[in-house]
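> Below is the structure I would like to discuss, written out as structure tokens.
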Amino acid sequence: MENKKMHKTSVGGQALIEGVMMQGPKGMATAVRKPDKEILVEYHAVKHIKDKFGFLGWPVIRGVVNFAESMITGYKTLMYSAEVSEMEDCGEEELSGFEKWLNEKLGDKLMNLIMGIASVLGVCIAFLLFMYVPVLFFSKVNEWSGDLLTDYRGLIEGVLKIIIFVIYIAAVSRMKDIKRTFMYHGAEHKSIACYEQGMELTVENVRKCSRFHPRCGTSFIFVMLIFSIVVYTAVAKLFPQIADNRVLWLLLKLAFLPLIMGLGYEFIKYAGRHDNVFVKIVSAPGLWMQRLTTKEPTDDIIEVGIEALKAVITDNPKDDEIN
């Protein structure tokens, strides 16, 4: 098996529209299935801000920085995959007169504007669902109980966030396009698992590997939700008067969010290197959720995951060209 001879490197990835993005220590690769069925592979050097400012690579801090960079990279690669896989297949005859006028006047700027608005709306909806609704729910229930639940604020709000998250994922996973994206998510995981097990990157070998991985973004989110219960319970104990004020409590929770991100990131890195009881217990909910966020991929989807991974593993000649 050729992969046993090479030095393993840490690889992460993301499912795209009809494609997969893989990222290694030196660069990033995208593999997208074009409308003509050809797989377009692009390799890109990636400069991390922590390479310029060393302190941003410190434990906990690096988790926040990595999350921000991942969001930016994810947005860009998602836009790229949409263009490669869909827009080339969309002819002018399919556009209405108004759409043609917008396309002529704004072109790529129109899509960037739409995606920008969608991103802002997404952040607002996330804040509403995962911050405001749990706080409002607890406040009302605690009032009805005569403040008997005050000591359980962090637990109740955290459990409610988990319930909302599970319901949301279960709902969107039923959508046809999302299901296909989740198949690419499964291909990403299975390809990485094959590589980490030292097997040759073939469709047959990848197909046999697990689609569940402890370093998945789904696991990261779930770990954050679990850690938030612990952190916010402690914070509510330390600042009881602020916790009783809905607006101030929301602001305080936002202030502690980077800490929770950082702790979650450190745990995910730890979980990727260890397999003890503590890791298994904390990782279990996230791995279970991957039954919803990943689907078993078809062979043609596995091929895309393999091509993306091959472009970033250390024996790829292109790696040596990156400064």
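Letters A, B, ... go to the chains of the structure tokens in the order shown; residues in each chain start at 1; ligands are counted from 1 in the same order.
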Using the chain letters and numbers from this document, which residues of region 163-292 of chain A does DSSP assign to helix (DSSP H, G or I), as a ChimeraX atom specification?
/A:163-172,176-196,203-208,217-238,240-243,246-273,277-292
> Would you pick out the contacts of region 282-297 of chain A at 8 Å or less, using only C-alpha atoms, so that residues sharing its chain but fewer than 4 positions from it are not included, and give the list as a ChimeraX atom specification?
/A:166,169-170,173,179-180,182-187,211-214,218-223,226,271,278,301-302
> Export N, CA and C atoms of the chosen residues as a PDB file, in the first residue's frame?

```
ATOM      1  N   VAL A 166     -30.594  19.852  16.765  1.00  0.00           N
ATOM      2  CA  VAL A 166     -30.938  18.532  16.234  1.00  0.00           C
ATOM      3  C   VAL A 166     -32.159  18.628  15.315  1.00  0.00           C
ATOM      4  N   ILE A 169     -31.103  20.332  11.965  1.00  0.00           N
ATOM      5  CA  ILE A 169     -30.336  19.448  11.085  1.00  0.00           C
ATOM      6  C   ILE A 169     -31.231  18.357  10.503  1.00  0.00           C
ATOM      7  N   ALA A 170     -32.099  17.795  11.341  1.00  0.00           N
ATOM      8  CA  ALA A 170     -32.998  16.736  10.870  1.00  0.00           C
ATOM      9  C   ALA A 170     -33.927  17.259   9.777  1.00  0.00           C
ATOM     10  N   SER A 173     -31.842  18.045   6.469  1.00  0.00           N
ATOM     11  CA  SER A 173     -31.278  16.833   5.868  1.00  0.00           C
ATOM     12  C   SER A 173     -32.273  16.121   4.961  1.00  0.00           C
ATOM     13  N   LYS A 179     -29.188  16.664   0.950  1.00  0.00           N
ATOM     14  CA  LYS A 179     -28.832  15.237   1.028  1.00  0.00           C
ATOM     15  C   LYS A 179     -27.608  14.940   0.173  1.00  0.00           C
ATOM     16  N   ARG A 180     -27.577  15.513  -1.032  1.00  0.00           N
ATOM     17  CA  ARG A 180     -26.448  15.263  -1.924  1.00  0.00           C
ATOM     18  C   ARG A 180     -25.170  15.888  -1.357  1.00  0.00           C
ATOM     19  N   PHE A 182     -24.554  16.279   1.753  1.00  0.00           N
ATOM     20  CA  PHE A 182     -24.171  15.415   2.869  1.00  0.00           C
ATOM     21  C   PHE A 182     -23.487  14.139   2.366  1.00  0.00           C
ATOM     22  N   MET A 183     -23.774  13.711   1.133  1.00  0.00           N
ATOM     23  CA  MET A 183     -23.067  12.579   0.542  1.00  0.00           C
ATOM     24  C   MET A 183     -21.615  12.957   0.265  1.00  0.00           C
ATOM     25  N   TYR A 184     -21.406  14.187  -0.186  1.00  0.00           N
ATOM     26  CA  TYR A 184     -20.034  14.662  -0.379  1.00  0.00           C
ATOM     27  C   TYR A 184     -19.326  14.799   0.968  1.00  0.00           C
ATOM     28  N   HIS A 185     -20.078  15.169   1.995  1.00  0.00           N
ATOM     29  CA  HIS A 185     -19.523  15.222   3.350  1.00  0.00           C
ATOM     30  C   HIS A 185     -19.063  13.827   3.773  1.00  0.00           C
ATOM     31  N   GLY A 186     -19.871  12.822   3.464  1.00  0.00           N
ATOM     32  CA  GLY A 186     -19.492  11.440   3.767  1.00  0.00           C
ATOM     33  C   GLY A 186     -18.254  11.019   2.994  1.00  0.00           C
ATOM     34  N   ALA A 187     -18.153  11.425   1.729  1.00  0.00           N
ATOM     35  CA  ALA A 187     -16.980  11.098   0.915  1.00  0.00           C
ATOM     36  C   ALA A 187     -15.725  11.743   1.479  1.00  0.00           C
ATOM     37  N   ARG A 211     -17.819   6.770   7.658  1.00  0.00           N
ATOM     38  CA  ARG A 211     -18.123   8.157   7.296  1.00  0.00           C
ATOM     39  C   ARG A 211     -18.204   9.049   8.531  1.00  0.00           C
ATOM     40  N   PHE A 212     -17.916   8.505   9.710  1.00  0.00           N
ATOM     41  CA  PHE A 212     -17.945   9.275  10.950  1.00  0.00           C
ATOM     42  C   PHE A 212     -16.520   9.579  11.396  1.00  0.00           C
ATOM     43  N   HIS A 213     -16.259  10.857  11.718  1.00  0.00           N
ATOM     44  CA  HIS A 213     -14.907  11.268  12.090  1.00  0.00           C
ATOM     45  C   HIS A 213     -14.952  12.221  13.277  1.00  0.00           C
ATOM     46  N   PRO A 214     -14.079  12.020  14.288  1.00  0.00           N
ATOM     47  CA  PRO A 214     -14.120  12.851  15.500  1.00  0.00           C
ATOM     48  C   PRO A 214     -13.744  14.311  15.279  1.00  0.00           C
ATOM     49  N   THR A 218     -19.340  19.026  12.614  1.00  0.00           N
ATOM     50  CA  THR A 218     -20.543  18.697  13.374  1.00  0.00           C
ATOM     51  C   THR A 218     -20.185  18.375  14.814  1.00  0.00           C
ATOM     52  N   SER A 219     -19.116  17.599  15.001  1.00  0.00           N
ATOM     53  CA  SER A 219     -18.657  17.272  16.343  1.00  0.00           C
ATOM     54  C   SER A 219     -18.194  18.525  17.071  1.00  0.00           C
ATOM     55  N   PHE A 220     -17.528  19.432  16.340  1.00  0.00           N
ATOM     56  CA  PHE A 220     -17.065  20.687  16.938  1.00  0.00           C
ATOM     57  C   PHE A 220     -18.244  21.495  17.481  1.00  0.00           C
ATOM     58  N   ILE A 221     -19.295  21.609  16.695  1.00  0.00           N
ATOM     59  CA  ILE A 221     -20.475  22.351  17.133  1.00  0.00           C
ATOM     60  C   ILE A 221     -21.098  21.703  18.359  1.00  0.00           C
ATOM     61  N   PHE A 222     -21.192  20.376  18.342  1.00  0.00           N
ATOM     62  CA  PHE A 222     -21.812  19.683  19.468  1.00  0.00           C
ATOM     63  C   PHE A 222     -20.952  19.811  20.729  1.00  0.00           C
ATOM     64  N   VAL A 223     -19.636  19.739  20.560  1.00  0.00           N
ATOM     65  CA  VAL A 223     -18.740  19.924  21.702  1.00  0.00           C
ATOM     66  C   VAL A 223     -18.898  21.331  22.271  1.00  0.00           C
ATOM     67  N   ILE A 226     -22.012  21.432  24.350  1.00  0.00           N
ATOM     68  CA  ILE A 226     -21.807  20.773  25.643  1.00  0.00           C
ATOM     69  C   ILE A 226     -20.969  21.642  26.573  1.00  0.00           C
ATOM     70  N   ALA A 271      -9.132  15.006  20.678  1.00  0.00           N
ATOM     71  CA  ALA A 271      -9.911  13.816  20.328  1.00  0.00           C
ATOM     72  C   ALA A 271      -9.349  13.122  19.092  1.00  0.00           C
ATOM     73  N   PHE A 278     -12.978   9.539  28.313  1.00  0.00           N
ATOM     74  CA  PHE A 278     -13.434  10.934  28.303  1.00  0.00           C
ATOM     75  C   PHE A 278     -13.744  11.395  26.892  1.00  0.00           C
ATOM     76  N   ILE A 301     -19.062  10.127  -6.347  1.00  0.00           N
ATOM     77  CA  ILE A 301     -18.822  11.152  -5.325  1.00  0.00           C
ATOM     78  C   ILE A 301     -17.543  10.836  -4.560  1.00  0.00           C
ATOM     79  N   ILE A 302     -17.300   9.554  -4.303  1.00  0.00           N
ATOM     80  CA  ILE A 302     -16.057   9.144  -3.652  1.00  0.00           C
ATOM     81  C   ILE A 302     -14.854   9.558  -4.488  1.00  0.00           C
TER      82      ILE A 302
END
```
> With only C-alpha atoms as the counted atoms, please give the residues lying no more than 8 Å from Ala31 (chain A), apart from itself and same-chain residues fewer than 2 positions off, as a PyMOL selection string.
chain A and resi 19-21+29+33+39-42+304-305+307-308
> Between A:Met224, A:Ile306, A:Ala236, A:Ile114, single out the one closest to Val64 (chain A), counting only C-alpha atoms.
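Ranking A:Met224, A:Ile306, A:Ala236, A:Ile114 by distance to Val64 (chain A), first place goes to A:Met224.
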> Need to verify the contact set: region 148-150 of chain A, 9 Å, only C-alpha atoms, exclusion of same-chain residues closer than 5 positions in sequence. Can you return it as a list in words?
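Near region 148-150 of chain A, the qualifying residues are Phe138, Val141, Asn142, Glu143, Ile156, Ala236 and Asp244 of chain A.
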> Write out as a PyMOL selection string the residues lying within 12 Å of Trp58 (chain A), counting only C-alpha atoms and excluding same-chain residues fewer than 5 positions away.
chain A and resi 50-51+53+63-66+262-263+265-266
> Write out as a VMD selection string which residues come within 7 Å of Ser210 (chain A) when counting only C-alpha atoms, dropping same-chain ones fewer than 2 positions away.
chain A and resid 190 193 208 212
> From the options A:Gly57, A:Ala126, A:Val230, A:Phe67, which residue's atoms come nearest to Ile164 (chain A), counting only C-alpha atoms?
A:Ala126
